[in-house]
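K.L.:
Sending over entry.txt (compact mmCIF, C-alpha atoms and all ligand atoms).
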```
# COMPACT_ATOMS: atom_id res chain seq x y z
CA MET O 1 15.85 10.48 33.03
CA SER O 2 12.43 12.09 33.30
CA SER O 3 10.31 10.96 36.23
CA GLN O 4 7.20 11.43 34.14
CA GLY O 5 6.06 8.52 32.05
CA PRO O 6 5.09 8.85 28.40
CA ARG O 7 2.02 10.97 27.73
CA PRO O 8 -1.03 8.70 27.47
CA ARG O 9 -2.20 8.26 23.90
CA ARG O 10 -5.22 10.37 23.11
CA ARG O 11 -8.27 8.43 22.10
CA MET O 12 -11.16 9.00 19.78
CA LEU O 13 -14.04 9.67 22.15
CA THR O 14 -17.58 8.74 21.20
CA LEU O 15 -20.01 11.23 22.71
CA THR O 16 -23.68 11.93 22.20
CA VAL O 17 -25.52 15.19 21.96
CA ARG O 18 -27.38 15.78 25.23
CA HIS O 19 -28.65 19.29 24.77
CA ARG O 20 -28.66 22.06 22.19
CA GLU O 21 -29.53 25.67 22.81
CA ARG O 22 -29.45 28.86 20.75
CA ILE O 23 -27.82 31.22 23.24
CA SER O 24 -27.77 34.29 20.99
CA PRO O 25 -28.48 34.99 17.31
CA HIS O 26 -25.06 33.69 16.20
CA PHE O 27 -24.21 31.13 18.89
CA VAL O 28 -25.43 27.62 19.61
CA SER O 29 -24.34 25.79 22.76
CA LEU O 30 -24.22 22.00 22.67
CA THR O 31 -23.65 19.61 25.55
CA LEU O 32 -21.87 16.40 24.53
CA GLY O 33 -21.52 13.55 26.96
CA GLY O 34 -20.99 9.87 27.54
CA ASP O 35 -18.81 7.26 29.24
CA ASP O 36 -15.82 8.23 27.11
CA PHE O 37 -15.66 11.56 28.95
CA ARG O 38 -13.51 9.77 31.54
CA HIS O 39 -10.69 9.50 29.01
CA LEU O 40 -10.52 13.26 28.48
CA GLU O 41 -7.62 15.04 30.15
CA GLN O 42 -9.01 18.32 31.46
CA ALA O 43 -6.50 21.08 30.78
CA GLY O 44 -9.00 23.90 30.24
CA TYR O 45 -8.13 27.36 28.92
CA ASP O 46 -8.28 27.18 25.10
CA GLN O 47 -8.32 23.37 25.05
CA ALA O 48 -9.94 22.28 21.79
CA GLY O 49 -10.48 19.16 19.76
CA ARG O 50 -11.53 17.82 16.41
CA LEU O 51 -15.21 17.14 16.33
CA PHE O 52 -16.35 14.41 13.94
CA ILE O 53 -19.90 15.13 12.85
CA PRO O 54 -22.26 13.63 10.27
CA GLY O 55 -21.90 14.81 6.69
CA PRO O 56 -24.87 15.82 4.55
CA GLY O 57 -27.53 13.08 4.48
CA GLN O 58 -25.66 10.78 6.89
CA GLU O 59 -27.91 9.20 9.52
CA GLU O 60 -25.12 7.24 11.21
CA ILE O 61 -21.59 8.41 11.73
CA VAL O 62 -18.58 6.13 11.18
CA LEU O 63 -15.61 7.07 13.38
CA PRO O 64 -11.96 6.26 12.76
CA SER O 65 -9.54 5.43 15.58
CA SER O 66 -7.21 8.21 16.68
CA GLU O 67 -4.28 6.52 14.93
CA LYS O 68 -3.73 7.80 11.41
CA TRP O 69 -7.27 9.15 11.28
CA MET O 70 -6.27 11.69 8.64
CA LEU O 71 -5.12 8.97 6.27
CA TRP O 72 -8.34 7.02 6.95
CA TYR O 73 -10.30 10.19 6.25
CA THR O 74 -8.69 10.86 2.88
CA LEU O 75 -9.34 7.27 1.80
CA GLN O 76 -13.10 7.42 2.47
CA ALA O 77 -15.60 8.42 -0.17
CA SER O 78 -17.04 11.86 0.58
CA ALA O 79 -20.56 10.43 0.95
CA LYS O 80 -19.38 8.06 3.70
CA ARG O 81 -16.88 10.03 5.73
CA PRO O 82 -17.88 12.27 8.62
CA ARG O 83 -17.06 15.96 8.52
CA VAL O 84 -14.37 17.25 10.87
CA ARG O 85 -14.24 20.71 12.45
CA THR O 86 -12.31 22.03 15.45
CA TYR O 87 -14.10 23.42 18.50
CA THR O 88 -13.05 24.64 21.94
CA ILE O 89 -14.20 22.94 25.10
CA ARG O 90 -16.11 25.85 26.55
CA ARG O 91 -16.93 24.04 29.78
CA PHE O 92 -16.28 20.72 31.52
CA ARG O 93 -19.22 19.14 33.32
CA PRO O 94 -17.56 16.29 35.25
CA ASP O 95 -20.71 15.60 37.29
CA ALA O 96 -22.57 14.87 34.08
CA SER O 97 -19.60 13.31 32.22
CA ALA O 98 -20.05 15.97 29.57
CA ILE O 99 -18.54 19.01 27.88
CA ASP O 100 -20.10 22.10 26.33
CA VAL O 101 -19.05 23.56 23.01
CA GLU O 102 -20.26 26.84 21.60
CA VAL O 103 -20.50 27.10 17.84
CA ALA O 104 -20.57 30.42 15.99
CA VAL O 105 -23.17 29.99 13.27
CA HIS O 106 -22.67 31.71 9.95
CA ARG O 107 -24.28 31.52 6.57
CA GLU O 108 -22.85 30.88 3.16
CA ALA O 109 -24.13 32.23 -0.17
CA SER O 110 -26.78 29.86 -1.59
CA ASP O 111 -24.43 28.74 -4.41
CA ARG O 112 -21.82 27.51 -1.88
CA PRO O 113 -21.95 24.21 0.06
CA ALA O 114 -23.56 24.49 3.51
CA PRO O 115 -20.91 24.81 6.24
CA PRO O 116 -20.95 21.43 8.03
CA GLY O 117 -20.07 22.74 11.50
CA ALA O 118 -22.62 25.54 11.58
CA THR O 119 -25.26 23.30 9.97
CA TRP O 120 -24.68 20.54 12.52
CA ALA O 121 -24.96 23.04 15.38
CA LEU O 122 -28.32 24.20 14.09
CA THR O 123 -29.78 20.73 13.49
CA ALA O 124 -28.19 18.24 15.94
CA LYS O 125 -30.67 16.29 18.08
CA PRO O 126 -30.27 14.72 21.53
CA GLY O 127 -28.90 11.21 21.05
CA ASP O 128 -26.90 12.03 17.90
CA LYS O 129 -23.43 10.52 17.99
CA VAL O 130 -20.20 12.51 17.42
CA GLY O 131 -16.48 11.82 17.74
CA PHE O 132 -14.07 14.04 19.67
CA LEU O 133 -10.30 13.99 19.42
CA ASP O 134 -8.54 16.16 22.00
CA GLU O 135 -5.94 18.56 20.63
CA GLY O 136 -4.87 20.10 23.94
CA HIS O 137 -4.36 23.76 24.76
CA HIS O 138 -2.01 26.54 23.64
CA TYR O 139 -2.63 29.30 26.20
CA ARG O 140 0.61 29.57 28.18
CA PRO O 141 1.36 33.00 29.65
CA THR O 142 5.02 33.93 29.50
CA PRO O 143 6.67 33.65 32.91
CA GLY O 144 7.11 37.15 34.32
CA ALA O 145 4.28 38.71 32.32
CA GLY O 146 2.50 41.30 34.46
CA ARG O 147 -0.53 41.64 32.20
CA GLN O 148 -2.20 39.91 29.31
CA LEU O 149 -3.90 40.86 26.09
CA LEU O 150 -6.64 38.54 24.75
CA VAL O 151 -8.04 39.23 21.29
CA GLY O 152 -10.49 37.25 19.17
CA ASP O 153 -13.51 37.14 16.91
CA GLU O 154 -16.61 34.99 17.52
CA SER O 155 -14.78 31.72 16.80
CA ALA O 156 -12.40 32.53 19.67
CA LEU O 157 -15.08 33.75 22.08
CA PRO O 158 -15.52 30.31 23.74
CA ALA O 159 -11.76 30.06 24.28
CA ILE O 160 -11.42 33.58 25.69
CA LEU O 161 -14.36 33.05 28.06
CA ALA O 162 -12.89 29.73 29.21
CA ILE O 163 -9.48 31.38 29.73
CA LEU O 164 -10.98 34.25 31.73
CA GLU O 165 -12.88 31.83 33.97
CA ARG O 166 -9.58 30.25 35.02
CA CYS O 167 -7.54 33.43 35.41
CA THR O 168 -7.00 35.32 38.66
CA ASP O 169 -6.72 39.01 39.47
CA ALA O 170 -2.95 38.53 39.53
CA LEU O 171 -2.80 38.71 35.73
CA PRO O 172 -4.89 41.71 34.67
CA ALA O 173 -6.28 41.29 31.17
CA GLN O 174 -7.16 43.66 28.37
CA VAL O 175 -9.71 41.79 26.28
CA PHE O 176 -10.99 42.61 22.79
CA LEU O 177 -13.92 40.45 21.73
CA GLU O 178 -15.49 40.93 18.32
CA VAL O 179 -18.97 39.46 17.79
CA PRO O 180 -21.45 39.62 14.89
CA THR O 181 -24.14 41.78 16.56
CA ASP O 182 -25.07 43.63 19.75
CA GLN O 183 -27.30 40.68 20.68
CA ASP O 184 -24.28 38.35 20.72
CA VAL O 185 -22.61 40.29 23.54
CA ARG O 186 -22.79 38.20 26.73
CA PRO O 187 -24.32 40.32 29.48
CA GLU O 188 -22.75 38.29 32.26
CA ILE O 189 -19.39 36.62 32.14
CA ILE O 190 -17.11 35.18 34.77
CA ALA O 191 -13.83 37.10 34.73
CA PRO O 192 -11.29 38.47 37.21
CA THR O 193 -12.23 41.93 38.51
CA THR O 194 -9.01 43.27 37.00
CA ALA O 195 -10.10 42.29 33.46
CA GLU O 196 -11.00 45.14 31.13
CA ILE O 197 -13.42 43.82 28.52
CA HIS O 198 -14.09 45.56 25.21
CA TRP O 199 -17.02 44.11 23.25
CA LEU O 200 -16.89 44.93 19.57
CA PRO O 201 -20.16 44.10 17.77
CA ARG O 202 -19.89 44.47 13.98
CA ASN O 203 -23.60 44.93 13.30
CA ASP O 204 -22.74 44.75 9.59
CA PRO O 205 -22.98 41.40 7.78
CA ALA O 206 -20.75 42.72 4.99
CA MET O 207 -17.83 43.49 7.29
CA LYS O 208 -15.07 40.87 7.40
CA PRO O 209 -14.76 39.31 10.88
CA GLY O 210 -11.66 40.50 12.67
CA THR O 211 -11.71 44.02 11.20
CA LEU O 212 -12.90 45.75 14.38
CA ALA O 213 -10.67 43.84 16.79
CA LEU O 214 -7.54 44.54 14.74
CA ARG O 215 -8.39 48.23 14.52
CA ALA O 216 -9.16 48.46 18.24
CA VAL O 217 -5.85 46.89 19.27
CA ARG O 218 -3.90 49.13 16.88
CA GLU O 219 -5.51 52.16 18.53
CA ALA O 220 -5.41 50.87 22.11
CA HIS O 221 -3.21 52.13 24.90
CA LEU O 222 -1.24 49.01 25.83
CA PRO O 223 0.93 48.67 28.94
CA ASP O 224 4.66 49.36 28.72
CA GLY O 225 5.85 46.42 30.78
CA PRO O 226 6.06 42.80 29.61
CA PHE O 227 2.68 41.38 28.70
CA TYR O 228 1.49 38.09 27.24
CA THR O 229 -0.77 38.06 24.18
CA TRP O 230 -3.17 35.33 23.10
CA THR O 231 -5.01 35.98 19.86
CA ALA O 232 -7.11 33.75 17.62
CA GLY O 233 -9.87 33.91 15.06
CA GLU O 234 -9.97 34.65 11.36
CA SER O 235 -6.47 34.18 10.04
CA SER O 236 -5.79 37.83 9.12
CA LEU O 237 -6.85 38.94 12.59
CA ALA O 238 -4.40 36.62 14.35
CA THR O 239 -1.52 37.36 11.97
CA GLY O 240 -2.38 41.09 11.88
CA ILE O 241 -2.26 41.38 15.67
CA ARG O 242 1.04 39.57 15.78
CA ARG O 243 2.56 41.71 13.03
CA HIS O 244 1.38 44.88 14.79
CA LEU O 245 2.82 43.84 18.15
CA LEU O 246 6.16 42.77 16.69
CA GLY O 247 6.54 45.75 14.37
CA GLU O 248 4.98 48.65 16.24
CA ARG O 249 5.05 47.66 19.89
CA SER O 250 8.39 45.81 19.96
CA THR O 251 6.75 42.86 21.68
CA PRO O 252 9.05 39.83 21.88
CA ARG O 253 7.94 37.01 19.60
CA SER O 254 7.98 34.58 22.51
CA ASP O 255 5.30 36.62 24.35
CA ILE O 256 2.66 36.00 21.67
CA THR O 257 0.44 32.98 21.03
CA PHE O 258 -1.46 33.47 17.77
CA ARG O 259 -3.75 31.01 16.02
CA GLY O 260 -5.66 31.28 12.76
CA TYR O 261 -8.90 29.46 13.60
CA TRP O 262 -10.40 29.82 10.13
CA LYS O 263 -9.72 31.52 6.83
CA HIS O 264 -12.20 33.83 5.21
CA GLY O 265 -13.66 32.21 2.08
CA ARG O 266 -12.10 28.82 2.73
CA ALA O 267 -13.86 25.82 4.27
CA GLY O 268 -12.15 23.94 7.10
CA LEU O 269 -10.96 20.36 6.59
C1 LIG Y 301 -8.22 25.35 17.90
C2 LIG Y 301 -9.52 25.87 17.31
C3 LIG Y 301 -10.61 26.11 18.14
C4 LIG Y 301 -11.82 26.59 17.61
N1 LIG Y 301 -12.89 26.80 18.45
C5 LIG Y 301 -14.07 27.23 17.95
C6 LIG Y 301 -15.21 27.38 18.79
O1 LIG Y 301 -15.19 27.09 19.98
N2 LIG Y 301 -16.37 27.84 18.22
C7 LIG Y 301 -16.44 28.15 16.88
O2 LIG Y 301 -17.52 28.55 16.42
N3 LIG Y 301 -15.38 27.99 16.05
C8 LIG Y 301 -14.21 27.53 16.55
N4 LIG Y 301 -13.14 27.33 15.72
C9 LIG Y 301 -13.27 27.72 14.31
C10 LIG Y 301 -14.04 26.69 13.47
O3 LIG Y 301 -13.34 25.45 13.51
C11 LIG Y 301 -14.12 27.19 12.02
O4 LIG Y 301 -14.82 28.40 12.00
C12 LIG Y 301 -14.74 26.18 11.08
O5 LIG Y 301 -14.27 26.46 9.78
C13 LIG Y 301 -16.26 26.22 11.05
O6 LIG Y 301 -16.72 25.19 10.22
P1 LIG Y 301 -18.01 25.30 9.31
O7 LIG Y 301 -18.26 23.94 8.81
O8 LIG Y 301 -19.10 26.00 10.06
O9 LIG Y 301 -17.59 26.25 8.11
P2 LIG Y 301 -16.58 25.82 6.91
O10 LIG Y 301 -17.21 24.77 6.05
O11 LIG Y 301 -15.25 25.51 7.48
O12 LIG Y 301 -16.47 27.16 6.08
C14 LIG Y 301 -17.46 27.54 5.12
C15 LIG Y 301 -17.31 29.02 4.85
O13 LIG Y 301 -17.61 29.73 6.04
C16 LIG Y 301 -16.55 30.57 6.42
N5 LIG Y 301 -16.43 30.49 7.89
C17 LIG Y 301 -15.88 29.48 8.63
N6 LIG Y 301 -15.97 29.76 9.95
C18 LIG Y 301 -16.60 30.95 10.03
C19 LIG Y 301 -16.98 31.77 11.13
N7 LIG Y 301 -16.73 31.42 12.41
N8 LIG Y 301 -17.63 32.94 10.84
C20 LIG Y 301 -17.90 33.32 9.57
N9 LIG Y 301 -17.56 32.58 8.47
C21 LIG Y 301 -16.92 31.42 8.72
C22 LIG Y 301 -15.32 30.00 5.70
O14 LIG Y 301 -14.39 30.99 5.46
C23 LIG Y 301 -15.92 29.46 4.44
O15 LIG Y 301 -16.10 30.49 3.49
C24 LIG Y 301 -11.94 26.83 16.22
C25 LIG Y 301 -10.84 26.54 15.37
C26 LIG Y 301 -9.66 26.06 15.92
C27 LIG Y 301 -8.49 25.74 14.99
```
So, in terms of structure tokens, how does the structure I just supplied come out?
P.N.:
Amino acid sequence: MSSQGPRPRRRMLTLTVRHRERISPHFVSLTLGGDDFRHLEQAGYDQAGRLFIPGPGQEEIVLPSSEKWMLWYTLQASAKRPRVRTYTIRRFRPDASAIDVEVAVHREASDRPAPPGATWALTAKPGDKVGFLDEGHHYRPTPGAGRQLLVGDESALPAILAILERCTDALPAQVFLEVPTDQDVRPEIIAPTTAEIHWLPRNDPAMKPGTLALRAVREAHLPDGPFYTWTAGESSLATGIRRHLLGERSTPRSDITFRGYWKHGRAGL
């Protein structure tokens, strides 16, 4: 019999916006805090959660409980239900009972609906209420891996930075980070001294996100020994990296964590 008890049920946390800051042309950082922070299990790395935010024209947000929230959501009229998007916990601020998220802001053509996540990040005000439902983390280096490869576009930048902050020199990392422009490159990051960081600014609004990172990894010199890979971002980036590693680098399937964070041309839930 396991000595550990059942995992505590995750709860829908009610948090309020404390601070919002444009940290670069395509990134907004938001601090979300409140008493419910105490119910959040702090795993770190790429820990992410569903953020419940107001829909268009909604002054007040109505939050479901964590139980069967998806069913609740589908039963609500669109005008009444919040919008739900997934974001990484970029930083825990236990002293302030708060977390930071960093949202990559992007535009849609004027004939398409405004993206709720990016729009919220650009307009949220201190005091606005949101819901947060923890989804845990997926970063789990394979035992025995001597190195790691981290690859992502702007949607995965918060996760990769959070991962690097928790890593030690013992697991040297090759990191490929694609961002929209030169001005979105972070001049100072906290990372082990053994990490080799490659910033890949697109500087071309017409280029599909993920293109540069996929190309860079295909052309990169990767270590021979066992290494762990974590890749996330636009769906074809994550699946493309995985396919490349399996097919051309003979990487074992079990050494790769890949996650499609969004799909080009398709809105999230
Ligand atoms: C586990 C996980 C963690 C994530 N963490 C973060 C995070 O920390 N920060 C973050 O910014 N995103 C993160 N994402 C991705 C984010 O949830 C999606 O990008 C989401 O679709 C954005 O919602 P939206 O309302 O702005 O756009 P949507 O309404 O979902 O999409 C509208 C249009 O914009 C396009 N689009 C969506 N996202 C982007 C983008 N990033 N760049 C360019 N075009 C886009 C869509 O293809 C669609 O055409 C994460 C996703 C997952 C699954």
K.L.:
Find the residues of chain O that sit at most 6 Å from ligand LIG 301 (chain Y); for each, write down the nearest two atoms and how far apart they are in Å, to one decimal. Count only C-alpha atoms and all ligand atoms. Sort by chain, then by number going up, and give it as a Markdown table.
P.N.:
```
| residue | atom | partner | partner_atom | distance |
| --- | --- | --- | --- | --- |
| O:Ala48 | CA | Y:LIG301 | C1 | 5.2 |
| O:Arg85 | CA | Y:LIG301 | O3 | 4.9 |
| O:Thr86 | CA | Y:LIG301 | O3 | 4.1 |
| O:Tyr87 | CA | Y:LIG301 | N1 | 3.6 |
| O:Thr88 | CA | Y:LIG301 | O1 | 3.8 |
| O:Glu102 | CA | Y:LIG301 | N2 | 5.2 |
| O:Val103 | CA | Y:LIG301 | O2 | 3.6 |
| O:Ala104 | CA | Y:LIG301 | O2 | 3.6 |
| O:His106 | CA | Y:LIG301 | C20 | 5.0 |
| O:Pro115 | CA | Y:LIG301 | O10 | 3.7 |
| O:Pro116 | CA | Y:LIG301 | O7 | 3.8 |
| O:Gly117 | CA | Y:LIG301 | O7 | 3.5 |
| O:Ala118 | CA | Y:LIG301 | O8 | 3.9 |
| O:Ser155 | CA | Y:LIG301 | N3 | 3.9 |
| O:Ala156 | CA | Y:LIG301 | C5 | 5.8 |
| O:Pro158 | CA | Y:LIG301 | O1 | 5.0 |
| O:Tyr261 | CA | Y:LIG301 | C25 | 3.9 |
| O:Trp262 | CA | Y:LIG301 | C11 | 4.9 |
| O:Lys263 | CA | Y:LIG301 | O14 | 4.9 |
| O:His264 | CA | Y:LIG301 | O14 | 3.6 |
| O:Gly265 | CA | Y:LIG301 | O15 | 3.3 |
| O:Arg266 | CA | Y:LIG301 | O14 | 4.2 |
| O:Ala267 | CA | Y:LIG301 | O12 | 3.4 |
| O:Gly268 | CA | Y:LIG301 | O11 | 3.5 |
```
K.L.:
Would you pick out the contacts of Asp182 in chain O at 9 Å or less, using only C-alpha atoms, so that residues sharing its chain but fewer than 4 positions from it are not included, and give the list as a VMD selection string?
P.N.:
chain O and resid 199 to 203
K.L.:
Measure the distance from CA of Pro25 in chain O to CA of Val179 in chain O in Å and round it to one decimal.
P.N.:
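Spanning CA of Pro25 in chain O to CA of Val179 in chain O is a straight-line distance of 10.5 Å.
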K.L.:
Go through O:Pro64, O:Gly260, O:Pro226, O:Pro187 one by one, measure the shortest atom-to-atom distance of each to Pro143 in chain O using only C-alpha atoms, and give the residue with the smallest value.
P.N.:
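Nearest candidate to Pro143 in chain O out of O:Pro64, O:Gly260, O:Pro226, O:Pro187: O:Pro226.
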K.L.:
Please return as a ChimeraX atom specification every residue within 8 Å of (-13.7, 37.6, 38.8), taking into account all atoms listed in the file and the file's own coordinates.
P.N.:
/O:165,168-169,190-195
K.L.:
Please produce a file of the residues just selected, as a PDB file, in the coordinates of the input, where the atoms kept are C-alpha atoms.
P.N.:
```
ATOM      1  CA  GLU O 165     -12.880  31.830  33.970  1.00  0.00           C
ATOM      2  CA  THR O 168      -7.000  35.320  38.660  1.00  0.00           C
ATOM      3  CA  ASP O 169      -6.720  39.010  39.470  1.00  0.00           C
ATOM      4  CA  ILE O 190     -17.110  35.180  34.770  1.00  0.00           C
ATOM      5  CA  ALA O 191     -13.830  37.100  34.730  1.00  0.00           C
ATOM      6  CA  PRO O 192     -11.290  38.470  37.210  1.00  0.00           C
ATOM      7  CA  THR O 193     -12.230  41.930  38.510  1.00  0.00           C
ATOM      8  CA  THR O 194      -9.010  43.270  37.000  1.00  0.00           C
ATOM      9  CA  ALA O 195     -10.100  42.290  33.460  1.00  0.00           C
TER      10      ALA O 195
END
```
K.L.:
With distances taken over all atoms listed in the file, which residue among O:Ala220, O:Ile53, O:Val101, O:Cys167 lies nearest Lys80 in chain O?
P.N.:
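Residue with the minimum atom-to-atom distance to Lys80 in chain O: O:Ile53.
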K.L.:
Taking only C-alpha atoms into account, which of O:Pro82, O:Gly33, O:Pro113, O:Gly55 comes nearest His19 in chain O?
P.N.:
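Under the stated criterion, the closest residue is O:Gly33.
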K.L.:
Record the distance separating CA of Leu40 in chain O and CA of Ala79 in chain O, expressed in Å with one decimal.
P.N.:
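Those two atoms sit 29.4 Å apart.
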K.L.:
In Å, with one decimal, what is the gap from CA of Gly146 in chain O to CA of Ser254 in chain O?
P.N.:
14.8 Å
K.L.:
Measuring atom to atom with only C-alpha atoms, identify which of O:Leu237, O:Ala121, O:Val217, O:Met207 is nearest to Glu21 in chain O.
P.N.:
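Under the stated criterion, the closest residue is O:Ala121.
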K.L.:
Of the residues O:Gly136, O:Gly233, O:Pro126, O:Gly210, which is the one nearest to Thr31 in chain O, using all atoms listed in the file?
P.N.:
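Closest to Thr31 in chain O of all the choices is O:Pro126.
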K.L.:
From the set O:Ala114, O:Tyr228, O:Arg243, O:Glu59, which residue has the shortest atom-to-atom contact distance to Gly144 in chain O, counting all atoms listed in the file?
P.N.:
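The shortest atom-to-atom distance to Gly144 in chain O comes from O:Tyr228.
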K.L.:
Please provide the set of residues having any atom within 12 Å of Leu32 in chain O, restricted to only C-alpha atoms, with same-chain residues fewer than 5 positions apart removed, written as a PyMOL selection string.
P.N.:
chain O and resi 13-20+37+51+53+89-94+96-102+121+124-132
K.L.:
Kindly add N, CA and C atoms to the incomplete range 62-82 of chain O and provide the output as a compact mmCIF listing (two decimals), in the coordinates of the input.
P.N.:
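Written out: rebuild.txt:
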```txt
# COMPACT_ATOMS: atom_id res chain seq x y z
N VAL O 62 -19.63 7.15 11.04
CA VAL O 62 -18.58 6.13 11.18
C VAL O 62 -17.34 6.85 11.67
N LEU O 63 -16.76 6.38 12.80
CA LEU O 63 -15.61 7.07 13.38
C LEU O 63 -14.33 6.27 13.20
N PRO O 64 -13.24 6.96 12.83
CA PRO O 64 -11.96 6.26 12.76
C PRO O 64 -11.36 6.15 14.16
N SER O 65 -10.26 5.40 14.31
CA SER O 65 -9.54 5.43 15.58
C SER O 65 -8.63 6.66 15.53
N SER O 66 -8.03 7.00 16.66
CA SER O 66 -7.21 8.21 16.68
C SER O 66 -5.93 8.04 15.87
N GLU O 67 -5.51 6.79 15.68
CA GLU O 67 -4.28 6.52 14.93
C GLU O 67 -4.52 6.77 13.45
N LYS O 68 -3.71 7.56 12.86
CA LYS O 68 -3.73 7.80 11.41
C LYS O 68 -5.13 8.13 10.90
N TRP O 69 -5.90 8.87 11.70
CA TRP O 69 -7.27 9.15 11.28
C TRP O 69 -7.31 9.97 10.00
N MET O 70 -6.28 10.82 9.82
CA MET O 70 -6.27 11.69 8.64
C MET O 70 -6.13 10.86 7.36
N LEU O 71 -5.28 9.84 7.43
CA LEU O 71 -5.12 8.97 6.27
C LEU O 71 -6.44 8.24 6.00
N TRP O 72 -7.03 7.70 7.06
CA TRP O 72 -8.34 7.02 6.95
C TRP O 72 -9.33 7.95 6.28
N TYR O 73 -9.32 9.21 6.72
CA TYR O 73 -10.30 10.19 6.25
C TYR O 73 -10.15 10.41 4.74
N THR O 74 -8.90 10.56 4.31
CA THR O 74 -8.69 10.86 2.88
C THR O 74 -9.04 9.67 2.00
N LEU O 75 -9.04 8.47 2.60
CA LEU O 75 -9.34 7.27 1.80
C LEU O 75 -10.84 6.98 1.70
N GLN O 76 -11.66 7.66 2.51
CA GLN O 76 -13.10 7.42 2.47
C GLN O 76 -13.76 8.23 1.36
N ALA O 77 -14.81 7.65 0.80
CA ALA O 77 -15.60 8.42 -0.17
C ALA O 77 -16.29 9.55 0.59
N SER O 78 -16.46 10.68 -0.08
CA SER O 78 -17.04 11.86 0.58
C SER O 78 -18.43 11.56 1.16
N ALA O 79 -19.20 10.73 0.47
CA ALA O 79 -20.56 10.43 0.95
C ALA O 79 -20.54 9.65 2.26
N LYS O 80 -19.43 8.93 2.51
CA LYS O 80 -19.38 8.06 3.70
C LYS O 80 -18.66 8.68 4.89
N ARG O 81 -17.70 9.57 4.61
CA ARG O 81 -16.88 10.03 5.73
C ARG O 81 -17.59 11.14 6.52
N PRO O 82 -17.30 11.18 7.83
CA PRO O 82 -17.88 12.27 8.62
C PRO O 82 -17.22 13.58 8.21
```
